[in-house]
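Everything on this sheet refers to the single structure shown next.
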Amino acid sequence: TRSYAMKQFKNPQSAQLHERFKREIKLQGKSPSTIDSYARSLKRLLTYFDCHPNELTKDDLKLYFSDLVTSRSWSTVKVDRWGLRLFWERILGKKWNWPDIVKPPRVKTLPDILTIDEVDRIMVALEKLRYHVCLFTIYSLGLRLTEGTTLKVSDIDSARMMVHIRNAKGNKDRMVPLPKQTLYLLRRYWVTHQNPNLLFPAVQFGPAKKKYTKKPMDKGGVQTAFKLATGDCNIHKKATVHTLRHSYATHLVEAGVNLRLIQEYLGHSNPNTTVIYARLSKPSLDNSEKLIQKLMDRFQFPRDKRLHQVDS
């Protein structure tokens, strides 16, 4: 029985093709996450069939993707489609007309957005200071989860009140405004660990006392903390940590920040990606930094007793 579940390679030739493909993706300047995703897409194919990919027909590939669509999400199908297309062109030297094999549907959905009041309630509900500061930083800077957990001390430019987001999606850097509330929280939290490199180092608990490692905070822990906080707040929207980024962009539009500037702050290559937030809010134009500061003034953290306590 055929199965595309991840297994060990059946022959040395498959393993060699897999390693060769990973080297090729790396030479194409792809990010580590893209290299990993594309390599997994090829491994699924190589463990599904018993032959060399050169021998596969269009019908074979249709059968493979038919099983994939049944067992996995369309997002996985899209990744495999692009990964295998690159393999076909770069390694096999063949053109692959993927629309004749699989064509994922174009679904235009609008993400759920948290109100400013809901964001405030979630922040108050977070029990651990490290999650409180990390999640507010993600929201107030419009970051992706990995961008937030890997922030470094050197990324904070307090003189210019800007944050340097490095090597983000698409291997791009960007600068985003730093609200005073975020700087205040980051400084208060940094005092608790004083890591010379990371703003959010992972915590390792031992028999004596906790210590902060050289690795960034675990993303799973941040996601779990956010999920528990939304539950405690009785918020039933389909909200994840990434929803904070969507909410940040929407709140900026509502505050009157220029869409072009929001595009830069989010790191979107295509302005059409940013326009979606105009559909979720009421835009107007004005000075962006002042508007962002006015928005963040809504959060009065000195009232929070946790900021004067050591995190545990």
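Chain labels run A, B, ... following the order of the structure tokens; each chain numbers its residues from 1, and ligands are numbered from 1 in the order shown.
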
Spatial neighbours of Gly220 in chain A, 12 Å, only C-alpha atoms, chain gap at least 3 places, as a PDB file with all heavy atoms, in the first residue's frame:
```pdb
ATOM      1  N   TYR A 131       5.925  36.443  28.960  1.00  0.00           N
ATOM      2  CA  TYR A 131       4.945  36.333  27.880  1.00  0.00           C
ATOM      3  C   TYR A 131       4.211  37.658  27.682  1.00  0.00           C
ATOM      4  O   TYR A 131       3.863  38.023  26.556  1.00  0.00           O
ATOM      5  CB  TYR A 131       3.964  35.207  28.181  1.00  0.00           C
ATOM      6  CG  TYR A 131       4.611  33.833  28.208  1.00  0.00           C
ATOM      7  CD1 TYR A 131       4.292  32.906  29.197  1.00  0.00           C
ATOM      8  CD2 TYR A 131       5.551  33.481  27.250  1.00  0.00           C
ATOM      9  CE1 TYR A 131       4.902  31.652  29.218  1.00  0.00           C
ATOM     10  CE2 TYR A 131       6.157  32.231  27.267  1.00  0.00           C
ATOM     11  CZ  TYR A 131       5.830  31.321  28.256  1.00  0.00           C
ATOM     12  OH  TYR A 131       6.429  30.080  28.273  1.00  0.00           O
ATOM     13  N   LEU A 145       5.745  35.939  14.841  1.00  0.00           N
ATOM     14  CA  LEU A 145       6.146  35.308  16.096  1.00  0.00           C
ATOM     15  C   LEU A 145       7.669  35.137  16.185  1.00  0.00           C
ATOM     16  O   LEU A 145       8.287  35.494  17.193  1.00  0.00           O
ATOM     17  CB  LEU A 145       5.453  33.954  16.256  1.00  0.00           C
ATOM     18  CG  LEU A 145       5.841  33.113  17.473  1.00  0.00           C
ATOM     19  CD1 LEU A 145       5.633  33.882  18.766  1.00  0.00           C
ATOM     20  CD2 LEU A 145       5.031  31.815  17.494  1.00  0.00           C
ATOM     21  N   THR A 146       8.277  34.597  15.140  1.00  0.00           N
ATOM     22  CA  THR A 146       9.729  34.375  15.156  1.00  0.00           C
ATOM     23  C   THR A 146      10.485  35.685  15.240  1.00  0.00           C
ATOM     24  O   THR A 146      11.521  35.773  15.919  1.00  0.00           O
ATOM     25  CB  THR A 146      10.167  33.598  13.904  1.00  0.00           C
ATOM     26  OG1 THR A 146       9.477  32.342  13.865  1.00  0.00           O
ATOM     27  CG2 THR A 146      11.658  33.335  13.912  1.00  0.00           C
ATOM     28  N   THR A 149      10.378  36.673  19.050  1.00  0.00           N
ATOM     29  CA  THR A 149      11.159  35.871  19.998  1.00  0.00           C
ATOM     30  C   THR A 149      12.662  35.983  19.755  1.00  0.00           C
ATOM     31  O   THR A 149      13.452  35.732  20.666  1.00  0.00           O
ATOM     32  CB  THR A 149      10.740  34.393  19.929  1.00  0.00           C
ATOM     33  OG1 THR A 149      10.886  33.909  18.584  1.00  0.00           O
ATOM     34  CG2 THR A 149       9.304  34.214  20.389  1.00  0.00           C
ATOM     35  N   ALA A 202      15.530  31.978  26.180  1.00  0.00           N
ATOM     36  CA  ALA A 202      14.824  30.836  26.762  1.00  0.00           C
ATOM     37  C   ALA A 202      15.219  30.694  28.222  1.00  0.00           C
ATOM     38  O   ALA A 202      16.347  31.004  28.612  1.00  0.00           O
ATOM     39  CB  ALA A 202      15.158  29.562  26.004  1.00  0.00           C
ATOM     40  N   PRO A 216      16.699  31.580  21.883  1.00  0.00           N
ATOM     41  CA  PRO A 216      15.516  32.430  22.072  1.00  0.00           C
ATOM     42  C   PRO A 216      14.379  31.683  22.741  1.00  0.00           C
ATOM     43  O   PRO A 216      14.357  30.447  22.783  1.00  0.00           O
ATOM     44  CB  PRO A 216      15.139  32.848  20.646  1.00  0.00           C
ATOM     45  CG  PRO A 216      15.703  31.772  19.774  1.00  0.00           C
ATOM     46  CD  PRO A 216      16.977  31.322  20.455  1.00  0.00           C
ATOM     47  N   MET A 217      13.448  32.427  23.261  1.00  0.00           N
ATOM     48  CA  MET A 217      12.268  31.883  23.922  1.00  0.00           C
ATOM     49  C   MET A 217      11.529  30.893  23.020  1.00  0.00           C
ATOM     50  O   MET A 217      11.431  31.086  21.803  1.00  0.00           O
ATOM     51  CB  MET A 217      11.338  33.046  24.295  1.00  0.00           C
ATOM     52  CG  MET A 217      10.089  32.652  25.055  1.00  0.00           C
ATOM     53  SD  MET A 217       9.051  34.113  25.377  1.00  0.00           S
ATOM     54  CE  MET A 217      10.100  35.051  26.489  1.00  0.00           C
ATOM     55  N   GLN A 223       2.789  30.731  22.220  1.00  0.00           N
ATOM     56  CA  GLN A 223       1.487  30.400  21.628  1.00  0.00           C
ATOM     57  C   GLN A 223       0.515  29.864  22.675  1.00  0.00           C
ATOM     58  O   GLN A 223      -0.667  30.222  22.691  1.00  0.00           O
ATOM     59  CB  GLN A 223       1.680  29.384  20.502  1.00  0.00           C
ATOM     60  CG  GLN A 223       2.409  29.948  19.296  1.00  0.00           C
ATOM     61  CD  GLN A 223       2.841  28.865  18.321  1.00  0.00           C
ATOM     62  OE1 GLN A 223       3.220  27.762  18.719  1.00  0.00           O
ATOM     63  NE2 GLN A 223       2.780  29.170  17.036  1.00  0.00           N
ATOM     64  N   THR A 224       1.021  28.999  23.551  1.00  0.00           N
ATOM     65  CA  THR A 224       0.169  28.435  24.596  1.00  0.00           C
ATOM     66  C   THR A 224      -0.312  29.513  25.561  1.00  0.00           C
ATOM     67  O   THR A 224      -1.484  29.546  25.944  1.00  0.00           O
ATOM     68  CB  THR A 224       0.929  27.343  25.368  1.00  0.00           C
ATOM     69  OG1 THR A 224       1.304  26.298  24.467  1.00  0.00           O
ATOM     70  CG2 THR A 224       0.063  26.766  26.485  1.00  0.00           C
ATOM     71  N   ALA A 225       0.600  30.406  25.949  1.00  0.00           N
ATOM     72  CA  ALA A 225       0.231  31.492  26.866  1.00  0.00           C
ATOM     73  C   ALA A 225      -0.842  32.377  26.248  1.00  0.00           C
ATOM     74  O   ALA A 225      -1.796  32.789  26.925  1.00  0.00           O
ATOM     75  CB  ALA A 225       1.466  32.318  27.214  1.00  0.00           C
ATOM     76  N   PHE A 226      -0.701  32.670  24.966  1.00  0.00           N
ATOM     77  CA  PHE A 226      -1.691  33.505  24.278  1.00  0.00           C
ATOM     78  C   PHE A 226      -3.048  32.802  24.233  1.00  0.00           C
ATOM     79  O   PHE A 226      -4.091  33.413  24.495  1.00  0.00           O
ATOM     80  CB  PHE A 226      -1.221  33.811  22.858  1.00  0.00           C
ATOM     81  CG  PHE A 226      -2.182  34.657  22.068  1.00  0.00           C
ATOM     82  CD1 PHE A 226      -2.188  36.041  22.202  1.00  0.00           C
ATOM     83  CD2 PHE A 226      -3.091  34.074  21.198  1.00  0.00           C
ATOM     84  CE1 PHE A 226      -3.087  36.823  21.475  1.00  0.00           C
ATOM     85  CE2 PHE A 226      -3.989  34.842  20.472  1.00  0.00           C
ATOM     86  CZ  PHE A 226      -3.990  36.221  20.616  1.00  0.00           C
ATOM     87  N   LYS A 227      -3.039  31.519  23.926  1.00  0.00           N
ATOM     88  CA  LYS A 227      -4.287  30.763  23.838  1.00  0.00           C
ATOM     89  C   LYS A 227      -5.001  30.718  25.183  1.00  0.00           C
ATOM     90  O   LYS A 227      -6.230  30.884  25.260  1.00  0.00           O
ATOM     91  CB  LYS A 227      -3.996  29.340  23.343  1.00  0.00           C
ATOM     92  CG  LYS A 227      -5.237  28.497  23.130  1.00  0.00           C
ATOM     93  CD  LYS A 227      -4.888  27.123  22.570  1.00  0.00           C
ATOM     94  CE  LYS A 227      -6.136  26.288  22.343  1.00  0.00           C
ATOM     95  NZ  LYS A 227      -5.799  24.930  21.791  1.00  0.00           N
ATOM     96  N   THR A 240      -4.825  33.786  16.975  1.00  0.00           N
ATOM     97  CA  THR A 240      -3.520  33.213  17.284  1.00  0.00           C
ATOM     98  C   THR A 240      -2.567  34.371  17.556  1.00  0.00           C
ATOM     99  O   THR A 240      -2.954  35.539  17.482  1.00  0.00           O
ATOM    100  CB  THR A 240      -2.987  32.364  16.118  1.00  0.00           C
ATOM    101  OG1 THR A 240      -2.761  33.221  14.982  1.00  0.00           O
ATOM    102  CG2 THR A 240      -3.987  31.276  15.733  1.00  0.00           C
ATOM    103  N   VAL A 241      -1.310  34.050  17.834  1.00  0.00           N
ATOM    104  CA  VAL A 241      -0.328  35.112  18.044  1.00  0.00           C
ATOM    105  C   VAL A 241      -0.230  35.984  16.793  1.00  0.00           C
ATOM    106  O   VAL A 241      -0.080  37.207  16.882  1.00  0.00           O
ATOM    107  CB  VAL A 241       1.052  34.514  18.398  1.00  0.00           C
ATOM    108  CG1 VAL A 241       2.121  35.603  18.447  1.00  0.00           C
ATOM    109  CG2 VAL A 241       0.991  33.778  19.733  1.00  0.00           C
TER     110      VAL A 241
END
```

Find the spatial neighbours of range 228-231 of chain A, counting only C-alpha atoms, within a cut-off of 8 Å - ignore same-chain residues fewer than 3 positions away - and output them as a PDB file with all heavy atoms, in the first residue's frame.
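Listed below is the output, result.pdb:
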```pdb
ATOM      1  N   ILE A 122      -6.254  40.792  27.062  1.00  0.00           N
ATOM      2  CA  ILE A 122      -5.361  39.643  26.917  1.00  0.00           C
ATOM      3  C   ILE A 122      -4.041  39.908  27.627  1.00  0.00           C
ATOM      4  O   ILE A 122      -3.509  39.043  28.333  1.00  0.00           O
ATOM      5  CB  ILE A 122      -5.126  39.326  25.424  1.00  0.00           C
ATOM      6  CG1 ILE A 122      -6.398  38.761  24.793  1.00  0.00           C
ATOM      7  CG2 ILE A 122      -3.968  38.331  25.258  1.00  0.00           C
ATOM      8  CD1 ILE A 122      -6.329  38.616  23.291  1.00  0.00           C
ATOM      9  N   MET A 123      -3.511  41.116  27.466  1.00  0.00           N
ATOM     10  CA  MET A 123      -2.242  41.455  28.106  1.00  0.00           C
ATOM     11  C   MET A 123      -2.350  41.382  29.628  1.00  0.00           C
ATOM     12  O   MET A 123      -1.448  40.892  30.308  1.00  0.00           O
ATOM     13  CB  MET A 123      -1.776  42.849  27.669  1.00  0.00           C
ATOM     14  CG  MET A 123      -1.479  42.977  26.188  1.00  0.00           C
ATOM     15  SD  MET A 123      -0.212  41.826  25.634  1.00  0.00           S
ATOM     16  CE  MET A 123      -0.639  41.679  23.888  1.00  0.00           C
ATOM     17  N   ALA A 125      -4.385  39.526  31.256  1.00  0.00           N
ATOM     18  CA  ALA A 125      -4.643  38.139  31.652  1.00  0.00           C
ATOM     19  C   ALA A 125      -3.388  37.267  31.640  1.00  0.00           C
ATOM     20  O   ALA A 125      -3.381  36.193  32.232  1.00  0.00           O
ATOM     21  CB  ALA A 125      -5.701  37.526  30.730  1.00  0.00           C
ATOM     22  N   LEU A 126      -2.332  37.710  30.969  1.00  0.00           N
ATOM     23  CA  LEU A 126      -1.106  36.918  30.906  1.00  0.00           C
ATOM     24  C   LEU A 126      -0.422  36.894  32.261  1.00  0.00           C
ATOM     25  O   LEU A 126      -0.106  37.929  32.830  1.00  0.00           O
ATOM     26  CB  LEU A 126      -0.164  37.507  29.844  1.00  0.00           C
ATOM     27  CG  LEU A 126      -0.633  37.349  28.390  1.00  0.00           C
ATOM     28  CD1 LEU A 126       0.114  38.314  27.478  1.00  0.00           C
ATOM     29  CD2 LEU A 126      -0.444  35.914  27.925  1.00  0.00           C
ATOM     30  N   THR A 224       1.021  28.999  23.551  1.00  0.00           N
ATOM     31  CA  THR A 224       0.169  28.435  24.596  1.00  0.00           C
ATOM     32  C   THR A 224      -0.312  29.513  25.561  1.00  0.00           C
ATOM     33  O   THR A 224      -1.484  29.546  25.944  1.00  0.00           O
ATOM     34  CB  THR A 224       0.929  27.343  25.368  1.00  0.00           C
ATOM     35  OG1 THR A 224       1.304  26.298  24.467  1.00  0.00           O
ATOM     36  CG2 THR A 224       0.063  26.766  26.485  1.00  0.00           C
ATOM     37  N   ALA A 225       0.600  30.406  25.949  1.00  0.00           N
ATOM     38  CA  ALA A 225       0.231  31.492  26.866  1.00  0.00           C
ATOM     39  C   ALA A 225      -0.842  32.377  26.248  1.00  0.00           C
ATOM     40  O   ALA A 225      -1.796  32.789  26.925  1.00  0.00           O
ATOM     41  CB  ALA A 225       1.466  32.318  27.214  1.00  0.00           C
ATOM     42  N   ASN A 234     -12.509  35.037  27.652  1.00  0.00           N
ATOM     43  CA  ASN A 234     -13.771  34.650  27.010  1.00  0.00           C
ATOM     44  C   ASN A 234     -13.877  35.227  25.590  1.00  0.00           C
ATOM     45  O   ASN A 234     -14.946  35.647  25.153  1.00  0.00           O
ATOM     46  CB  ASN A 234     -14.974  35.101  27.850  1.00  0.00           C
ATOM     47  CG  ASN A 234     -16.229  34.298  27.543  1.00  0.00           C
ATOM     48  OD1 ASN A 234     -16.157  33.139  27.126  1.00  0.00           O
ATOM     49  ND2 ASN A 234     -17.383  34.904  27.717  1.00  0.00           N
ATOM     50  N   ILE A 235     -12.747  35.238  24.888  1.00  0.00           N
ATOM     51  CA  ILE A 235     -12.706  35.703  23.505  1.00  0.00           C
ATOM     52  C   ILE A 235     -12.793  34.476  22.593  1.00  0.00           C
ATOM     53  O   ILE A 235     -11.937  33.596  22.652  1.00  0.00           O
ATOM     54  CB  ILE A 235     -11.418  36.493  23.224  1.00  0.00           C
ATOM     55  CG1 ILE A 235     -11.395  37.766  24.072  1.00  0.00           C
ATOM     56  CG2 ILE A 235     -11.298  36.842  21.734  1.00  0.00           C
ATOM     57  CD1 ILE A 235     -10.088  38.540  23.985  1.00  0.00           C
ATOM     58  N   HIS A 236     -13.810  34.430  21.759  1.00  0.00           N
ATOM     59  CA  HIS A 236     -14.072  33.240  20.950  1.00  0.00           C
ATOM     60  C   HIS A 236     -13.701  33.404  19.477  1.00  0.00           C
ATOM     61  O   HIS A 236     -14.058  32.584  18.648  1.00  0.00           O
ATOM     62  CB  HIS A 236     -15.543  32.852  21.063  1.00  0.00           C
ATOM     63  CG  HIS A 236     -15.977  32.579  22.476  1.00  0.00           C
ATOM     64  ND1 HIS A 236     -15.492  31.511  23.207  1.00  0.00           N
ATOM     65  CD2 HIS A 236     -16.812  33.259  23.312  1.00  0.00           C
ATOM     66  CE1 HIS A 236     -16.037  31.518  24.419  1.00  0.00           C
ATOM     67  NE2 HIS A 236     -16.827  32.574  24.514  1.00  0.00           N
ATOM     68  N   ALA A 239      -8.332  33.451  17.063  1.00  0.00           N
ATOM     69  CA  ALA A 239      -7.160  34.294  17.278  1.00  0.00           C
ATOM     70  C   ALA A 239      -5.936  33.462  17.617  1.00  0.00           C
ATOM     71  O   ALA A 239      -5.996  32.542  18.437  1.00  0.00           O
ATOM     72  CB  ALA A 239      -7.436  35.307  18.387  1.00  0.00           C
TER      73      ALA A 239
END
```

Task: Pick from A:Asn11, A:Leu86, A:Ser41, A:Ile262 nearest to Ile25 in chain A, counting only C-alpha atoms - done: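 Of all the options, A:Leu86 lies closest to Ile25 in chain A.
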
- [ ] Step one, run DSSP on the backbone; step two, keep only residues of range 87-293 of chain A assigned to strand (DSSP E or B); then write them as a VMD selection string.
- [x] chain A and resid 152 156 to 157 162 to 168 172 to 177 198 201 to 204 211 to 216

TODO: Mind checking which residues fall within 9 Å of Asp112 in chain A, counting only C-alpha atoms, ignoring those fewer than 6 positions away in the same chain, and posting them as a list in words?
DONE: Lys237, Lys238, Ala239, Thr243, His246 and Ser247 of chain A

Written file, previous selection with C-alpha atoms, as a JSON list (two decimals), in the first residue's frame:
```
[["chain", "number", "residue", "atom", "x", "y", "z"],
["A", 237, "LYS", "CA", -12.52, 34.64, 17.78],
["A", 238, "LYS", "CA", -10.11, 32.46, 15.79],
["A", 239, "ALA", "CA", -7.16, 34.29, 17.28],
["A", 243, "THR", "CA", -3.68, 37.79, 14.93],
["A", 246, "HIS", "CA", -3.21, 41.67, 11.81],
["A", 247, "SER", "CA", -4.76, 43.67, 14.65]]
```

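The nearest approach to Asn167 in chain A among the residues A:Gln13, A:Thr109, A:Thr273, A:Thr150, with only C-alpha atoms taken into account, belongs to A:Thr150.
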
Open item on the list: Please determine, counting only C-alpha atoms, which residue among A:Thr137, A:Thr274, A:Ser75, A:Ser31 has the shortest atom-to-atom distance to Leu185 in chain A.
Closed with: A:Thr137

Open item on the list: Taking 3 positions as the minimum chain separation for residues in the same chain, which residues sit within 9 Å of Ser140 in chain A when counting only C-alpha atoms? Answer as a list of chain:residue names.
Closed with: A:Leu135, A:Phe136, A:Thr137, A:Leu143, A:Pro177, A:Leu178, A:Pro179, A:Gln181, A:Thr182, A:Leu244, A:Arg245, A:Tyr248, A:Ile292, A:Met296

Filtering to N, CA, C and O atoms, could you give me those residues as an mmCIF file, in the first residue's frame?
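Result file follows (part38.cif):
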```cif
data_model
loop_
_atom_site.group_PDB
_atom_site.id
_atom_site.type_symbol
_atom_site.label_atom_id
_atom_site.label_comp_id
_atom_site.auth_asym_id
_atom_site.auth_seq_id
_atom_site.Cartn_x
_atom_site.Cartn_y
_atom_site.Cartn_z
ATOM 1 N N LEU A 135 4.541 39.267 24.010
ATOM 2 C CA LEU A 135 3.336 39.397 23.192
ATOM 3 C C LEU A 135 2.971 40.860 22.939
ATOM 4 O O LEU A 135 2.499 41.205 21.853
ATOM 5 N N PHE A 136 3.200 41.734 23.938
ATOM 6 C CA PHE A 136 2.925 43.142 23.665
ATOM 7 C C PHE A 136 3.928 43.706 22.661
ATOM 8 O O PHE A 136 3.576 44.548 21.833
ATOM 9 N N THR A 137 5.171 43.247 22.727
ATOM 10 C CA THR A 137 6.165 43.680 21.751
ATOM 11 C C THR A 137 5.766 43.240 20.347
ATOM 12 O O THR A 137 5.865 44.007 19.384
ATOM 13 N N LEU A 143 4.896 42.392 14.617
ATOM 14 C CA LEU A 143 5.869 41.364 14.271
ATOM 15 C C LEU A 143 5.238 40.000 14.028
ATOM 16 O O LEU A 143 4.143 39.705 14.512
ATOM 17 N N PRO A 177 8.630 51.797 14.028
ATOM 18 C CA PRO A 177 8.622 52.728 15.163
ATOM 19 C C PRO A 177 8.534 51.987 16.495
ATOM 20 O O PRO A 177 7.839 50.977 16.619
ATOM 21 N N LEU A 178 9.249 52.508 17.484
ATOM 22 C CA LEU A 178 9.263 51.923 18.825
ATOM 23 C C LEU A 178 8.451 52.792 19.775
ATOM 24 O O LEU A 178 8.885 53.885 20.155
ATOM 25 N N PRO A 179 7.265 52.353 20.189
ATOM 26 C CA PRO A 179 6.476 53.121 21.158
ATOM 27 C C PRO A 179 7.172 53.166 22.522
ATOM 28 O O PRO A 179 7.902 52.249 22.897
ATOM 29 N N GLN A 181 5.865 52.791 25.423
ATOM 30 C CA GLN A 181 5.406 51.711 26.303
ATOM 31 C C GLN A 181 6.205 50.431 26.061
ATOM 32 O O GLN A 181 6.538 49.702 27.003
ATOM 33 N N THR A 182 6.519 50.163 24.802
ATOM 34 C CA THR A 182 7.276 48.961 24.472
ATOM 35 C C THR A 182 8.695 49.051 25.005
ATOM 36 O O THR A 182 9.218 48.087 25.571
ATOM 37 N N LEU A 244 -2.304 39.176 16.402
ATOM 38 C CA LEU A 244 -1.823 40.444 16.949
ATOM 39 C C LEU A 244 -1.213 41.311 15.848
ATOM 40 O O LEU A 244 -1.371 42.533 15.844
ATOM 41 N N ARG A 245 -0.534 40.697 14.912
ATOM 42 C CA ARG A 245 0.053 41.430 13.777
ATOM 43 C C ARG A 245 -1.047 42.007 12.889
ATOM 44 O O ARG A 245 -0.989 43.160 12.477
ATOM 45 N N TYR A 248 -2.645 44.861 14.835
ATOM 46 C CA TYR A 248 -1.770 46.040 14.808
ATOM 47 C C TYR A 248 -1.978 46.828 13.516
ATOM 48 O O TYR A 248 -2.196 48.049 13.547
ATOM 49 N N ILE A 292 0.970 56.310 16.066
ATOM 50 C CA ILE A 292 1.274 55.042 16.729
ATOM 51 C C ILE A 292 1.474 55.268 18.224
ATOM 52 O O ILE A 292 0.989 54.502 19.064
ATOM 53 N N MET A 296 -0.571 53.613 21.323
ATOM 54 C CA MET A 296 0.039 52.834 22.384
ATOM 55 C C MET A 296 -0.142 53.472 23.755
ATOM 56 O O MET A 296 -0.006 52.806 24.782
#
```

TODO: Pick out each residue of range 128-173 of chain A that DSSP on the backbone tags as alpha helix (DSSP H); I need them as a list in words.
DONE: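 Alpha helix (DSSP H) assignments inside range 128-173 of chain A correspond to Leu129, Arg130, Tyr131, His132, Val133, Cys134, Leu135, Phe136, Thr137, Ile138, Tyr139, Ser140, Leu141, Leu145, Thr146, Glu147, Gly148 and Thr149 of chain A.
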
Open item on the list: Using Å and a single decimal, report how far CA of Arg40 in chain A sits from CA of Lys169 in chain A.
Closed with: 19.1 Å

Task: Which of A:Phe87, A:Val176, A:Thr115, A:Arg188 sits closest to Leu261 in chain A [using only C-alpha atoms] - done: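 Among the listed residues, A:Val176 lies closest to Leu261 in chain A.
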
Open item on the list: Counting only C-alpha atoms, which residue out of A:Thr70, A:Gln28, A:Asn54, A:Gln300 sits closest to Lys180 in chain A?
Closed with: A:Gln300

Open item on the list: List the spatial neighbours of Tyr189 in chain A as a VMD selection string - criterion: any atom at most 8 Å away, only C-alpha atoms, same-chain residues fewer than 4 positions off excluded.
Closed with: chain A and resid 129 to 130 133 185 193 307

Saved selection, atoms kept: N, CA and C atoms, as a PDB file, in the first residue's frame:
```
ATOM      1  N   LEU A 129       5.413  37.379  33.254  1.00  0.00           N
ATOM      2  CA  LEU A 129       5.906  38.645  32.735  1.00  0.00           C
ATOM      3  C   LEU A 129       6.572  38.471  31.374  1.00  0.00           C
ATOM      4  N   ARG A 130       7.333  37.397  31.197  1.00  0.00           N
ATOM      5  CA  ARG A 130       8.044  37.208  29.930  1.00  0.00           C
ATOM      6  C   ARG A 130       7.080  37.097  28.753  1.00  0.00           C
ATOM      7  N   VAL A 133       5.425  40.686  28.127  1.00  0.00           N
ATOM      8  CA  VAL A 133       6.291  41.622  27.405  1.00  0.00           C
ATOM      9  C   VAL A 133       6.487  41.168  25.962  1.00  0.00           C
ATOM     10  N   LEU A 185       8.612  48.460  28.773  1.00  0.00           N
ATOM     11  CA  LEU A 185       8.457  47.043  29.106  1.00  0.00           C
ATOM     12  C   LEU A 185       9.733  46.262  28.843  1.00  0.00           C
ATOM     13  N   HIS A 193      16.860  39.460  33.468  1.00  0.00           N
ATOM     14  CA  HIS A 193      17.763  38.411  32.969  1.00  0.00           C
ATOM     15  C   HIS A 193      19.113  38.953  32.500  1.00  0.00           C
ATOM     16  N   LEU A 307       5.421  44.263  36.771  1.00  0.00           N
ATOM     17  CA  LEU A 307       6.613  44.923  36.250  1.00  0.00           C
ATOM     18  C   LEU A 307       7.624  45.193  37.352  1.00  0.00           C
TER      19      LEU A 307
END
```

Range 91-98 of chain A surroundings by only C-alpha atoms, 8 Å radius, close-in-sequence under 6 positions cut, as a compact mmCIF listing (two decimals) with C-alpha atoms, in the first residue's frame:
```
# COMPACT_ATOMS: atom_id res chain seq x y z
CA ARG A 20 21.65 17.55 -3.76
CA PHE A 21 18.31 19.36 -3.76
CA ASN A 54 12.58 10.90 -13.86
CA ARG A 81 3.88 22.27 -5.56
CA ARG A 85 8.63 22.46 -9.33
```

Task: Which residue of A:Leu17, A:Val119, A:Leu63, A:Cys51 approaches Ala39 in chain A most closely, using only C-alpha atoms - done: A:Leu17

- [ ] Please measure the separation of CA of His18 in chain A and CA of Lys43 in chain A, giving the value in Å to one decimal.
- [x]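 Answer for the CA of His18 in chain A to CA of Lys43 in chain A separation: 6.8 Å.
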
Please list as an mmCIF file with C-alpha atoms, in the first residue's frame every residue within 9 Å of His251 in chain A, counting only C-alpha atoms and excluding residues in the same chain fewer than 5 positions away.
```cif
data_model
loop_
_atom_site.group_PDB
_atom_site.id
_atom_site.type_symbol
_atom_site.label_atom_id
_atom_site.label_comp_id
_atom_site.auth_asym_id
_atom_site.auth_seq_id
_atom_site.Cartn_x
_atom_site.Cartn_y
_atom_site.Cartn_z
ATOM 1 C CA THR A 115 -10.162 45.206 19.215
ATOM 2 C CA ILE A 116 -7.837 47.420 21.259
ATOM 3 C CA HIS A 246 -3.212 41.673 11.815
ATOM 4 C CA GLY A 256 -4.997 57.194 10.298
ATOM 5 C CA VAL A 257 -1.521 55.868 9.471
ATOM 6 C CA TYR A 277 -6.487 46.039 6.339
ATOM 7 C CA SER A 281 -10.957 49.460 9.126
ATOM 8 C CA LEU A 295 -2.453 54.426 19.995
#
```
